[in-house]
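Beneath this line is the structure, given in structure tokens, with notes to follow.
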Amino acid sequence: MKAYENHQAVDGVDLDVARGEVFAVLGPNGAGKTTTVEILEGHRVRDGGEVHVLGQDPGKAPRTWRSRIGVVLQTANDAAELTVAESVRHYAKYYADPRDPDEVVDLVGLTDKAKARVRTLSGGQRRRLDVALGIIGRPELVFLDEPTTGFDPEARRQFWALIRELADEGTTILLTTHYLDEAEALADRVAVLAKGKIVAEGTPQTLGGRAHADARIRWADPNGPRELFTSEPTKVVAELARHGELAGLTVTRPSLEDVYLELIA
Amino acid sequence: MTTVAALPGVLSLGLARGGTELREFFRQKENVVFTFSLPAVIMLLLGSVYVTEPIHGQMFAASMIGAGIISTSFVGLGISVAADREDGTLKRLRTTPMPLASYFIGKAIMVLVASLAEVALLLGVAILRFDVEVPTDPAKWLTFTWVFLLGVVSCSLLGMVVSSIARSTRSAPAVLNLPYIILQFISGVFITISALPGSLQTAGAIFPLRWVCQGFRSVFAFSDEYALQEVAGSWELGKAALILGVWSVVGLVLVTRTFRWHNERR
């Protein structure tokens, strides 16, 4: 998949996502994440540029193309009076070769709630139903727009496990998020979007030169806490250690968060 | 992986949508209790004032059945499409390979079933409370059928057009109910048309409700002599068919021009 577009909200986004990859688009609110994703889904008209998703222009793609992608919506309260199982079964009818509805309900962990009306679900359960409806058609590519906003930590971990399972099956996943730990936990590659432009792209480990950045060494001596930055932390620690045990020793590289805050500043 | 198997057809998906629409419709208790039964409540209240002899019951029941099916089609469908736009139903459907035509088929099934149920409810009330006699002549039922279908189709389409004007679900009932109440006034439901000033008579004659009610009165009248009580002195069924047909075509054109998947401006 390749995307390049010029939009008021998005200007100069150049992305290539390979098949089977989990790709995260990071960025603050208003950076243009949703706009970018909606253009890729074919739900927003772009003003210019070239976009290919699964080999087709999303703006002109036919039904068959739509059956090959899955979209997990950011906000939806539809089908409130249907049960979870009814809803998943109904959406399965739209596709030529859907997954088994009961298996999908099980996969997203809603088997206990299969007979519950959708309006009675909690926020996290509702989002898992959204995922179920997004993947029922056995999509090759899944769009997840800020999927875990408002989740408690346990629900987020469960959700991540679900996404990993999908990725393991070979599904390409394009995820937007403003949670850095989420991108780090899930994504093979990330791009940082700020003010409608891609400002960095790479693996979570190397983003923004993170792997080569100076390490920060912290320890404490009788005069109080000490800190220094160095490109040779091993050597420095070895020297320091000649005087004996170092209290509170830590050696850290910039976190993804440090790099990210630097990039979007 | 490529999609080899064919996607399901437009009609079978439309039928599946219809089933789901009906399920959701009848599970919304407030909707069924308050909106759906409203015409029957109005019939009971106004009828207890208006109906002093049998023919009044026949004519008033006919007009109220007309108003009832406009409630389920124009108001009911309009609100339901506005809600689909607001709660994400349409947004989600758009992410799937479901064709828009199937969505409309589903809505059509919902409106037809809801309108038939409304007719049954109003007929039941009319028979039990006002001793209304149901026609036995098949020709009358043929008239009833085409008036019903043309009325439901034209008003469903117009309801969808008006729902596109409503900015949100919250405003949809207000935006749809105002024209509906005005139409009931000027179309001979609440007040006989001959009692209206000429300008309101003319205005009423433009819109579908007046012709649906007149058509139904021709069905429920004891004899065709009662046509003399109509403004034109006849049932004007040909004119009714023509006007309802024109509104159906106009409605269809307007729906295709105004239909929106979402509320946001893009």
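Each chain in the structure tokens gets a letter, A, B, ..., in the order shown, and its residues are numbered from 1; ligands are numbered from 1 in order too.
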Inset, instruction - Name all residues at most 8 Å from range 220-231 of chain B (count only C-alpha atoms; drop same-chain ones fewer than 4 positions away) and give them as a ChimeraX atom specification. - result: /B:55,58-59,62,133-135,193-194,216,235
I need the chosen residues saved as an mmCIF file, in the first residue's frame, with N, CA, C and O atoms.
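Wrote it out as selection_12.cif, contents follow:
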```cif
data_model
loop_
_atom_site.group_PDB
_atom_site.id
_atom_site.type_symbol
_atom_site.label_atom_id
_atom_site.label_comp_id
_atom_site.auth_asym_id
_atom_site.auth_seq_id
_atom_site.Cartn_x
_atom_site.Cartn_y
_atom_site.Cartn_z
ATOM 1 N N ILE B 55 -71.673 7.467 9.411
ATOM 2 C CA ILE B 55 -70.849 7.885 8.270
ATOM 3 C C ILE B 55 -69.655 8.723 8.711
ATOM 4 O O ILE B 55 -68.570 8.652 8.147
ATOM 5 N N GLN B 58 -66.940 6.335 9.540
ATOM 6 C CA GLN B 58 -66.309 5.777 8.328
ATOM 7 C C GLN B 58 -65.285 6.765 7.759
ATOM 8 O O GLN B 58 -64.152 6.406 7.442
ATOM 9 N N MET B 59 -65.727 8.024 7.615
ATOM 10 C CA MET B 59 -64.884 9.025 6.961
ATOM 11 C C MET B 59 -63.689 9.404 7.828
ATOM 12 O O MET B 59 -62.573 9.557 7.346
ATOM 13 N N ALA B 62 -61.121 6.638 7.850
ATOM 14 C CA ALA B 62 -60.369 6.621 6.587
ATOM 15 C C ALA B 62 -59.267 7.680 6.611
ATOM 16 O O ALA B 62 -58.114 7.404 6.268
ATOM 17 N N GLU B 133 -67.541 0.032 9.628
ATOM 18 C CA GLU B 133 -67.728 -1.155 8.785
ATOM 19 C C GLU B 133 -66.623 -1.237 7.743
ATOM 20 O O GLU B 133 -66.315 -0.242 7.085
ATOM 21 N N VAL B 134 -66.066 -2.431 7.605
ATOM 22 C CA VAL B 134 -64.991 -2.640 6.643
ATOM 23 C C VAL B 134 -65.606 -3.029 5.300
ATOM 24 O O VAL B 134 -66.513 -3.850 5.259
ATOM 25 N N PRO B 135 -65.151 -2.404 4.191
ATOM 26 C CA PRO B 135 -65.745 -2.726 2.885
ATOM 27 C C PRO B 135 -65.554 -4.190 2.506
ATOM 28 O O PRO B 135 -64.562 -4.800 2.888
ATOM 29 N N ILE B 193 -62.059 19.591 4.588
ATOM 30 C CA ILE B 193 -61.372 20.515 3.687
ATOM 31 C C ILE B 193 -62.245 21.726 3.352
ATOM 32 O O ILE B 193 -61.763 22.853 3.275
ATOM 33 N N SER B 194 -63.573 21.480 3.220
ATOM 34 C CA SER B 194 -64.451 22.593 2.819
ATOM 35 C C SER B 194 -64.503 23.694 3.877
ATOM 36 O O SER B 194 -64.872 24.820 3.576
ATOM 37 N N PHE B 216 -58.748 6.928 0.597
ATOM 38 C CA PHE B 216 -59.248 6.020 1.626
ATOM 39 C C PHE B 216 -60.726 6.303 1.943
ATOM 40 O O PHE B 216 -61.485 5.394 2.235
ATOM 41 N N TRP B 235 -64.567 11.605 -6.131
ATOM 42 C CA TRP B 235 -63.393 11.064 -5.418
ATOM 43 C C TRP B 235 -62.067 11.457 -6.069
ATOM 44 O O TRP B 235 -61.033 11.376 -5.424
#
```
For chain A, which residues have at least one atom within 10 Å of chain B, if we go by only C-alpha atoms? Write them as a short mmCIF file (atom, residue, chain, number, x, y, z; two decimals) with C-alpha atoms, in the first residue's frame, please.
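New file result_17.cif:
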```cif
data_model
loop_
_atom_site.label_atom_id
_atom_site.label_comp_id
_atom_site.auth_asym_id
_atom_site.auth_seq_id
_atom_site.Cartn_x
_atom_site.Cartn_y
_atom_site.Cartn_z
CA GLU A 41 -10.63 3.81 3.56
CA GLY A 42 -12.21 5.73 0.69
CA HIS A 43 -14.52 7.71 2.95
CA ARG A 44 -12.99 11.11 2.41
CA VAL A 45 -12.28 12.77 -0.89
CA PRO A 62 -15.71 -1.32 -6.17
CA ARG A 63 -17.59 -3.56 -3.71
CA THR A 64 -15.08 -6.35 -4.08
CA TRP A 65 -12.34 -4.06 -2.79
CA ARG A 66 -14.50 -3.12 0.18
CA SER A 67 -14.93 -6.79 1.02
CA ARG A 68 -11.14 -7.11 1.37
CA ILE A 69 -10.71 -4.37 3.95
CA GLY A 70 -11.99 -4.15 7.51
CA VAL A 71 -12.63 -0.93 9.35
CA VAL A 72 -12.88 -0.70 13.12
CA LEU A 73 -14.81 2.48 13.80
CA GLN A 74 -13.73 5.06 16.33
CA THR A 75 -17.21 6.00 17.53
CA ALA A 76 -20.39 4.10 16.84
CA ASN A 77 -23.47 3.34 18.91
CA ASP A 78 -25.44 1.55 16.26
CA ALA A 79 -27.48 -1.65 16.51
CA ALA A 80 -28.24 -0.92 20.17
CA GLU A 81 -31.25 -3.22 20.24
CA LEU A 82 -29.59 -6.21 18.58
CA GLU A 86 -27.23 -11.16 16.00
CA SER A 87 -25.14 -8.19 15.05
CA HIS A 90 -25.92 -10.02 10.30
CA TYR A 91 -22.65 -8.42 9.20
CA LYS A 93 -24.01 -11.91 5.49
CA TYR A 94 -22.40 -9.04 3.60
CA TYR A 95 -19.33 -11.04 2.61
CA ALA A 96 -18.59 -13.85 0.20
CA ASP A 97 -16.39 -15.82 2.58
CA ASP A 130 -16.45 -3.14 16.69
CA LEU A 133 -17.57 -6.50 12.92
CA GLY A 134 -14.37 -5.17 11.34
CA GLY A 137 -15.35 -10.54 6.42
CA PRO A 139 -10.16 -8.81 5.55
CA GLU A 140 -6.62 -8.64 4.21
#
```
Legend entry - Contacts of Gly251 in chain B within 8 Å, only C-alpha atoms, excl. fewer than 3 positions in-chain, as number ranges by chain: B: 154-155, 157-158, 161, 247-248, 254-255
Next, write the just-selected residues to a file, as a PDB file, in the first residue's frame, keeping N, CA, C and O atoms as the atom set.
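This went into part-v6.pdb:
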```
ATOM      1  N   SER B 154     -44.325   7.493  -1.711  1.00  0.00           N
ATOM      2  CA  SER B 154     -44.023   8.914  -1.900  1.00  0.00           C
ATOM      3  C   SER B 154     -43.611   9.547  -0.573  1.00  0.00           C
ATOM      4  O   SER B 154     -42.644  10.313  -0.523  1.00  0.00           O
ATOM      5  N   CYS B 155     -44.315   9.225   0.507  1.00  0.00           N
ATOM      6  CA  CYS B 155     -44.012   9.873   1.783  1.00  0.00           C
ATOM      7  C   CYS B 155     -42.731   9.334   2.419  1.00  0.00           C
ATOM      8  O   CYS B 155     -42.035  10.068   3.123  1.00  0.00           O
ATOM      9  N   LEU B 157     -40.065   8.506   0.692  1.00  0.00           N
ATOM     10  CA  LEU B 157     -39.003   9.221  -0.017  1.00  0.00           C
ATOM     11  C   LEU B 157     -38.901  10.653   0.480  1.00  0.00           C
ATOM     12  O   LEU B 157     -37.806  11.158   0.741  1.00  0.00           O
ATOM     13  N   LEU B 158     -40.054  11.309   0.676  1.00  0.00           N
ATOM     14  CA  LEU B 158     -40.024  12.688   1.154  1.00  0.00           C
ATOM     15  C   LEU B 158     -39.477  12.755   2.582  1.00  0.00           C
ATOM     16  O   LEU B 158     -38.756  13.694   2.931  1.00  0.00           O
ATOM     17  N   VAL B 161     -35.808  12.756   2.385  1.00  0.00           N
ATOM     18  CA  VAL B 161     -35.302  14.055   1.918  1.00  0.00           C
ATOM     19  C   VAL B 161     -35.274  15.040   3.087  1.00  0.00           C
ATOM     20  O   VAL B 161     -34.266  15.711   3.326  1.00  0.00           O
ATOM     21  N   TRP B 247     -45.217  12.721  -6.945  1.00  0.00           N
ATOM     22  CA  TRP B 247     -44.421  12.886  -5.726  1.00  0.00           C
ATOM     23  C   TRP B 247     -43.419  11.749  -5.535  1.00  0.00           C
ATOM     24  O   TRP B 247     -42.322  11.961  -5.030  1.00  0.00           O
ATOM     25  N   SER B 248     -43.810  10.539  -5.938  1.00  0.00           N
ATOM     26  CA  SER B 248     -42.879   9.407  -5.811  1.00  0.00           C
ATOM     27  C   SER B 248     -41.649   9.637  -6.674  1.00  0.00           C
ATOM     28  O   SER B 248     -40.517   9.399  -6.238  1.00  0.00           O
ATOM     29  N   LEU B 254     -35.042  13.530  -5.550  1.00  0.00           N
ATOM     30  CA  LEU B 254     -34.493  14.325  -4.454  1.00  0.00           C
ATOM     31  C   LEU B 254     -33.664  13.466  -3.491  1.00  0.00           C
ATOM     32  O   LEU B 254     -32.634  13.901  -2.986  1.00  0.00           O
ATOM     33  N   VAL B 255     -34.112  12.232  -3.236  1.00  0.00           N
ATOM     34  CA  VAL B 255     -33.356  11.353  -2.330  1.00  0.00           C
ATOM     35  C   VAL B 255     -31.965  11.090  -2.901  1.00  0.00           C
ATOM     36  O   VAL B 255     -30.961  11.187  -2.200  1.00  0.00           O
TER      37      VAL B 255
END
```
Quick check for you: according to DSSP on this backbone, which residues of range 19-204 of chain A are classed as strand (DSSP E or B)? Reply as a compact mmCIF listing (two decimals) with all heavy atoms, in the first residue's frame.
```txt
# COMPACT_ATOMS: atom_id res chain seq x y z
N VAL A 22 2.31 -4.65 10.67
CA VAL A 22 1.51 -3.83 11.58
C VAL A 22 2.15 -2.45 11.59
O VAL A 22 3.29 -2.29 12.00
CB VAL A 22 1.48 -4.40 13.01
CG1 VAL A 22 0.64 -3.50 13.92
CG2 VAL A 22 0.93 -5.82 13.01
N PHE A 23 1.42 -1.49 11.08
CA PHE A 23 1.97 -0.14 10.90
C PHE A 23 1.17 0.82 11.77
O PHE A 23 -0.06 0.84 11.72
CB PHE A 23 1.87 0.26 9.44
CG PHE A 23 2.66 1.49 9.09
CD1 PHE A 23 3.96 1.37 8.60
CD2 PHE A 23 2.12 2.76 9.27
CE1 PHE A 23 4.69 2.51 8.29
CE2 PHE A 23 2.86 3.90 8.96
CZ PHE A 23 4.16 3.77 8.47
N ALA A 24 1.87 1.60 12.59
CA ALA A 24 1.18 2.54 13.46
C ALA A 24 1.44 3.97 13.02
O ALA A 24 2.57 4.33 12.70
CB ALA A 24 1.63 2.37 14.90
N VAL A 25 0.39 4.78 12.97
CA VAL A 25 0.53 6.21 12.72
C VAL A 25 0.32 6.91 14.06
O VAL A 25 -0.76 6.80 14.66
CB VAL A 25 -0.49 6.72 11.68
CG1 VAL A 25 -0.33 8.21 11.48
CG2 VAL A 25 -0.30 5.98 10.36
N LEU A 26 1.39 7.55 14.53
CA LEU A 26 1.35 8.23 15.81
C LEU A 26 1.18 9.72 15.57
O LEU A 26 1.66 10.25 14.57
CB LEU A 26 2.69 8.06 16.52
CG LEU A 26 2.96 6.82 17.32
CD1 LEU A 26 4.42 6.79 17.70
CD2 LEU A 26 2.10 6.80 18.55
N GLY A 48 -5.81 15.91 -3.78
CA GLY A 48 -4.77 15.64 -4.75
C GLY A 48 -3.92 14.48 -4.26
O GLY A 48 -4.15 13.93 -3.19
N VAL A 51 -3.11 7.53 -4.25
CA VAL A 51 -3.31 6.55 -3.19
C VAL A 51 -3.61 5.20 -3.81
O VAL A 51 -4.48 5.08 -4.68
CB VAL A 51 -4.49 6.95 -2.26
CG1 VAL A 51 -4.63 5.95 -1.13
CG2 VAL A 51 -4.31 8.36 -1.71
N HIS A 52 -2.90 4.18 -3.35
CA HIS A 52 -3.22 2.80 -3.76
C HIS A 52 -3.37 1.96 -2.51
O HIS A 52 -2.45 1.88 -1.71
CB HIS A 52 -2.11 2.21 -4.63
CG HIS A 52 -2.00 2.88 -5.96
ND1 HIS A 52 -2.91 2.68 -6.95
CD2 HIS A 52 -1.08 3.76 -6.43
CE1 HIS A 52 -2.57 3.42 -8.00
NE2 HIS A 52 -1.46 4.08 -7.70
N VAL A 53 -4.52 1.36 -2.34
CA VAL A 53 -4.74 0.46 -1.22
C VAL A 53 -5.17 -0.88 -1.82
O VAL A 53 -6.16 -0.93 -2.56
CB VAL A 53 -5.82 1.00 -0.26
CG1 VAL A 53 -6.11 0.00 0.84
CG2 VAL A 53 -5.40 2.34 0.33
N GLN A 56 -5.72 -0.60 -5.50
CA GLN A 56 -6.78 0.22 -6.10
C GLN A 56 -6.84 1.60 -5.45
O GLN A 56 -6.44 1.77 -4.31
CB GLN A 56 -8.13 -0.46 -5.89
CG GLN A 56 -8.15 -1.88 -6.39
CD GLN A 56 -9.45 -2.23 -7.08
OE1 GLN A 56 -10.05 -1.38 -7.73
NE2 GLN A 56 -9.88 -3.47 -6.94
N ILE A 69 -11.21 -5.17 2.83
CA ILE A 69 -10.71 -4.37 3.95
C ILE A 69 -11.68 -4.44 5.12
O ILE A 69 -12.85 -4.73 4.97
CB ILE A 69 -10.48 -2.89 3.56
CG1 ILE A 69 -11.81 -2.19 3.26
CG2 ILE A 69 -9.52 -2.75 2.40
CD1 ILE A 69 -11.70 -0.69 3.27
N GLY A 70 -11.15 -4.19 6.31
CA GLY A 70 -11.99 -4.15 7.51
C GLY A 70 -11.72 -2.84 8.22
O GLY A 70 -10.58 -2.41 8.32
N VAL A 71 -12.79 -2.21 8.67
CA VAL A 71 -12.63 -0.93 9.35
C VAL A 71 -13.20 -1.06 10.76
O VAL A 71 -14.34 -1.49 10.93
CB VAL A 71 -13.36 0.19 8.58
CG1 VAL A 71 -13.26 1.51 9.35
CG2 VAL A 71 -12.76 0.34 7.19
N VAL A 72 -12.39 -0.71 11.74
CA VAL A 72 -12.88 -0.70 13.12
C VAL A 72 -13.15 0.76 13.47
O VAL A 72 -12.24 1.57 13.51
CB VAL A 72 -11.85 -1.32 14.07
CG1 VAL A 72 -12.35 -1.23 15.51
CG2 VAL A 72 -11.60 -2.77 13.68
N THR A 83 -28.63 -8.17 19.66
CA THR A 83 -27.67 -8.80 20.55
C THR A 83 -26.32 -8.86 19.84
O THR A 83 -26.24 -8.67 18.62
CB THR A 83 -28.09 -10.23 20.93
OG1 THR A 83 -27.99 -11.05 19.77
CG2 THR A 83 -29.51 -10.28 21.48
N ARG A 117 -27.94 -7.53 24.72
CA ARG A 117 -28.20 -6.42 23.81
C ARG A 117 -26.96 -5.53 23.75
O ARG A 117 -26.32 -5.29 24.78
CB ARG A 117 -29.38 -5.57 24.29
CG ARG A 117 -30.71 -6.32 24.32
CD ARG A 117 -31.38 -6.31 22.96
NE ARG A 117 -32.57 -7.15 22.97
CZ ARG A 117 -33.81 -6.68 23.15
NH1 ARG A 117 -34.01 -5.39 23.32
NH2 ARG A 117 -34.84 -7.50 23.13
N LEU A 141 -6.71 -6.39 5.05
CA LEU A 141 -6.18 -5.16 5.65
C LEU A 141 -7.22 -4.62 6.63
O LEU A 141 -8.38 -4.50 6.31
CB LEU A 141 -5.92 -4.14 4.54
CG LEU A 141 -5.66 -2.70 4.94
CD1 LEU A 141 -4.35 -2.57 5.70
CD2 LEU A 141 -5.62 -1.81 3.70
N VAL A 142 -6.75 -4.32 7.85
CA VAL A 142 -7.66 -3.80 8.87
C VAL A 142 -7.20 -2.41 9.29
O VAL A 142 -6.02 -2.19 9.57
CB VAL A 142 -7.72 -4.74 10.10
CG1 VAL A 142 -8.52 -4.09 11.23
CG2 VAL A 142 -8.35 -6.06 9.73
N PHE A 143 -8.14 -1.48 9.33
CA PHE A 143 -7.87 -0.14 9.84
C PHE A 143 -8.39 -0.03 11.27
O PHE A 143 -9.55 -0.32 11.53
CB PHE A 143 -8.58 0.92 9.00
CG PHE A 143 -8.06 1.05 7.60
CD1 PHE A 143 -8.71 0.43 6.54
CD2 PHE A 143 -6.92 1.79 7.35
CE1 PHE A 143 -8.23 0.56 5.24
CE2 PHE A 143 -6.43 1.92 6.05
CZ PHE A 143 -7.09 1.30 5.01
N LEU A 144 -7.51 0.41 12.17
CA LEU A 144 -7.93 0.61 13.55
C LEU A 144 -7.61 2.06 13.92
O LEU A 144 -6.45 2.43 14.00
CB LEU A 144 -7.15 -0.31 14.48
CG LEU A 144 -7.42 -1.81 14.40
CD1 LEU A 144 -6.21 -2.58 14.85
CD2 LEU A 144 -8.60 -2.16 15.28
N ASP A 145 -8.65 2.86 14.10
CA ASP A 145 -8.41 4.27 14.41
C ASP A 145 -8.56 4.48 15.92
O ASP A 145 -9.67 4.41 16.44
CB ASP A 145 -9.42 5.12 13.63
CG ASP A 145 -9.02 6.59 13.59
OD1 ASP A 145 -7.93 6.92 14.08
OD2 ASP A 145 -9.82 7.39 13.10
N THR A 172 -2.76 -7.51 7.42
CA THR A 172 -2.06 -6.22 7.48
C THR A 172 -2.88 -5.29 8.36
O THR A 172 -4.10 -5.23 8.24
CB THR A 172 -1.96 -5.61 6.07
OG1 THR A 172 -1.42 -6.60 5.19
CG2 THR A 172 -1.08 -4.38 6.07
N ILE A 173 -2.19 -4.58 9.25
CA ILE A 173 -2.94 -3.72 10.18
C ILE A 173 -2.39 -2.31 10.14
O ILE A 173 -1.18 -2.10 10.28
CB ILE A 173 -2.88 -4.30 11.61
CG1 ILE A 173 -3.71 -5.59 11.64
CG2 ILE A 173 -3.43 -3.28 12.63
CD1 ILE A 173 -3.54 -6.41 12.87
N LEU A 174 -3.28 -1.36 9.93
CA LEU A 174 -2.90 0.04 10.01
C LEU A 174 -3.64 0.64 11.19
O LEU A 174 -4.86 0.62 11.26
CB LEU A 174 -3.24 0.79 8.73
CG LEU A 174 -2.58 2.17 8.71
CD1 LEU A 174 -1.80 2.38 7.43
CD2 LEU A 174 -3.57 3.28 8.91
N LEU A 175 -2.82 1.14 12.13
CA LEU A 175 -3.35 1.53 13.43
C LEU A 175 -3.00 2.98 13.66
O LEU A 175 -1.88 3.40 13.37
CB LEU A 175 -2.62 0.62 14.42
CG LEU A 175 -2.54 0.87 15.89
CD1 LEU A 175 -3.73 0.20 16.53
CD2 LEU A 175 -1.28 0.21 16.44
N THR A 176 -3.94 3.78 14.16
CA THR A 176 -3.55 5.11 14.61
C THR A 176 -3.70 5.12 16.12
O THR A 176 -4.56 4.45 16.67
CB THR A 176 -4.43 6.23 14.03
OG1 THR A 176 -5.69 6.21 14.69
CG2 THR A 176 -4.60 6.09 12.54
N THR A 177 -2.84 5.87 16.77
CA THR A 177 -2.91 5.91 18.22
C THR A 177 -2.18 7.14 18.72
O THR A 177 -1.36 7.71 18.01
CB THR A 177 -2.30 4.63 18.84
OG1 THR A 177 -2.44 4.69 20.26
CG2 THR A 177 -0.85 4.46 18.49
N ARG A 189 6.41 -1.11 12.36
CA ARG A 189 6.95 0.19 12.00
C ARG A 189 5.98 1.27 12.42
O ARG A 189 4.78 1.04 12.48
CB ARG A 189 7.21 0.28 10.49
CG ARG A 189 8.48 -0.47 10.06
CD ARG A 189 8.89 -0.09 8.66
NE ARG A 189 7.81 -0.26 7.72
CZ ARG A 189 7.48 0.65 6.79
NH1 ARG A 189 8.15 1.78 6.71
NH2 ARG A 189 6.49 0.42 5.95
N VAL A 190 6.52 2.46 12.69
CA VAL A 190 5.65 3.58 13.05
C VAL A 190 6.01 4.80 12.21
O VAL A 190 7.15 4.93 11.75
CB VAL A 190 5.76 3.95 14.54
CG1 VAL A 190 5.34 2.81 15.44
CG2 VAL A 190 7.15 4.42 14.90
N ALA A 191 5.02 5.65 12.01
CA ALA A 191 5.28 6.95 11.40
C ALA A 191 4.68 7.98 12.36
O ALA A 191 3.64 7.76 12.94
CB ALA A 191 4.59 7.05 10.04
N VAL A 192 5.40 9.10 12.51
CA VAL A 192 4.88 10.15 13.37
C VAL A 192 4.32 11.26 12.49
O VAL A 192 5.01 11.77 11.61
CB VAL A 192 5.98 10.71 14.31
CG1 VAL A 192 5.42 11.86 15.15
CG2 VAL A 192 6.51 9.60 15.22
N LEU A 193 3.05 11.57 12.73
CA LEU A 193 2.37 12.59 11.95
C LEU A 193 2.19 13.81 12.85
O LEU A 193 1.68 13.71 13.95
CB LEU A 193 1.00 12.03 11.54
CG LEU A 193 0.18 12.76 10.49
CD1 LEU A 193 0.90 12.82 9.17
CD2 LEU A 193 -1.16 12.04 10.30
N ALA A 194 2.66 14.97 12.36
CA ALA A 194 2.47 16.20 13.13
C ALA A 194 2.09 17.30 12.16
O ALA A 194 2.73 17.47 11.13
CB ALA A 194 3.74 16.56 13.89
N LYS A 197 1.95 16.41 8.47
CA LYS A 197 3.14 15.92 7.76
C LYS A 197 3.76 14.75 8.53
O LYS A 197 3.70 14.71 9.75
CB LYS A 197 4.19 17.03 7.67
CG LYS A 197 3.87 18.11 6.66
CD LYS A 197 5.10 19.00 6.51
CE LYS A 197 4.95 20.15 5.55
NZ LYS A 197 3.74 20.36 4.83
N ILE A 198 4.38 13.83 7.77
CA ILE A 198 5.14 12.76 8.41
C ILE A 198 6.49 13.34 8.83
O ILE A 198 7.26 13.81 7.99
CB ILE A 198 5.37 11.60 7.42
CG1 ILE A 198 4.05 10.98 6.98
CG2 ILE A 198 6.30 10.55 8.03
CD1 ILE A 198 3.44 10.02 7.95
N VAL A 199 6.79 13.33 10.13
CA VAL A 199 8.06 13.91 10.58
C VAL A 199 9.10 12.83 10.89
O VAL A 199 10.28 13.15 11.01
CB VAL A 199 7.86 14.84 11.80
CG1 VAL A 199 7.07 16.08 11.38
CG2 VAL A 199 7.14 14.13 12.94
N ALA A 200 8.70 11.58 11.02
CA ALA A 200 9.67 10.51 11.20
C ALA A 200 9.00 9.18 10.90
O ALA A 200 7.78 9.05 11.00
CB ALA A 200 10.17 10.49 12.64
N GLU A 201 9.82 8.21 10.49
CA GLU A 201 9.29 6.90 10.17
C GLU A 201 10.36 5.87 10.48
O GLU A 201 11.54 6.12 10.22
CB GLU A 201 8.93 6.86 8.67
CG GLU A 201 8.05 5.71 8.28
CD GLU A 201 7.86 5.62 6.77
OE1 GLU A 201 7.88 6.66 6.09
OE2 GLU A 201 7.71 4.50 6.29
N GLY A 202 9.98 4.74 11.03
CA GLY A 202 10.96 3.71 11.31
C GLY A 202 10.40 2.67 12.26
O GLY A 202 9.21 2.68 12.56
```
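For the residues A:Asn223, A:Glu38, A:Val251, A:Lys195, ranking by smallest atom-to-atom distance to Val236 in chain A using only C-alpha atoms places A:Val251 first.
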Inset, instruction - Using DSSP on the backbone, list every residue of range 143-189 of chain B that comes out as helix (DSSP H, G or I), and give them as an MDAnalysis selection string. - result: chainID B and resid 143:165 172:186
Inset, instruction - Could you tell me how far CA of Leu46 in chain B lies from CA of Ser218 in chain B, in Å and to one decimal? - result: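 Between CA of Leu46 in chain B and CA of Ser218 in chain B the gap works out to 20.8 Å.
If only C-alpha atoms are the atoms counted, then among B:Phe74, B:Phe130, B:Phe104, B:Phe60 the closest residue to Phe259 in chain B is B:Phe104.
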Inset, instruction - Please provide the set of residues having any atom within 6 Å of Ala114 in chain A, restricted to only C-alpha atoms, with same-chain residues fewer than 3 positions apart removed, written as a ChimeraX atom specification. - result: /A:84-85,111
Inset, instruction - Could you give me, as a PyMOL selection string, the residues within 9 Å of Tyr260 in chain A, counting only C-alpha atoms and dropping anything in the same chain fewer than 3 positions from it? - result: chain A and resi 26-27+180+192+207-208+255-257+263-265
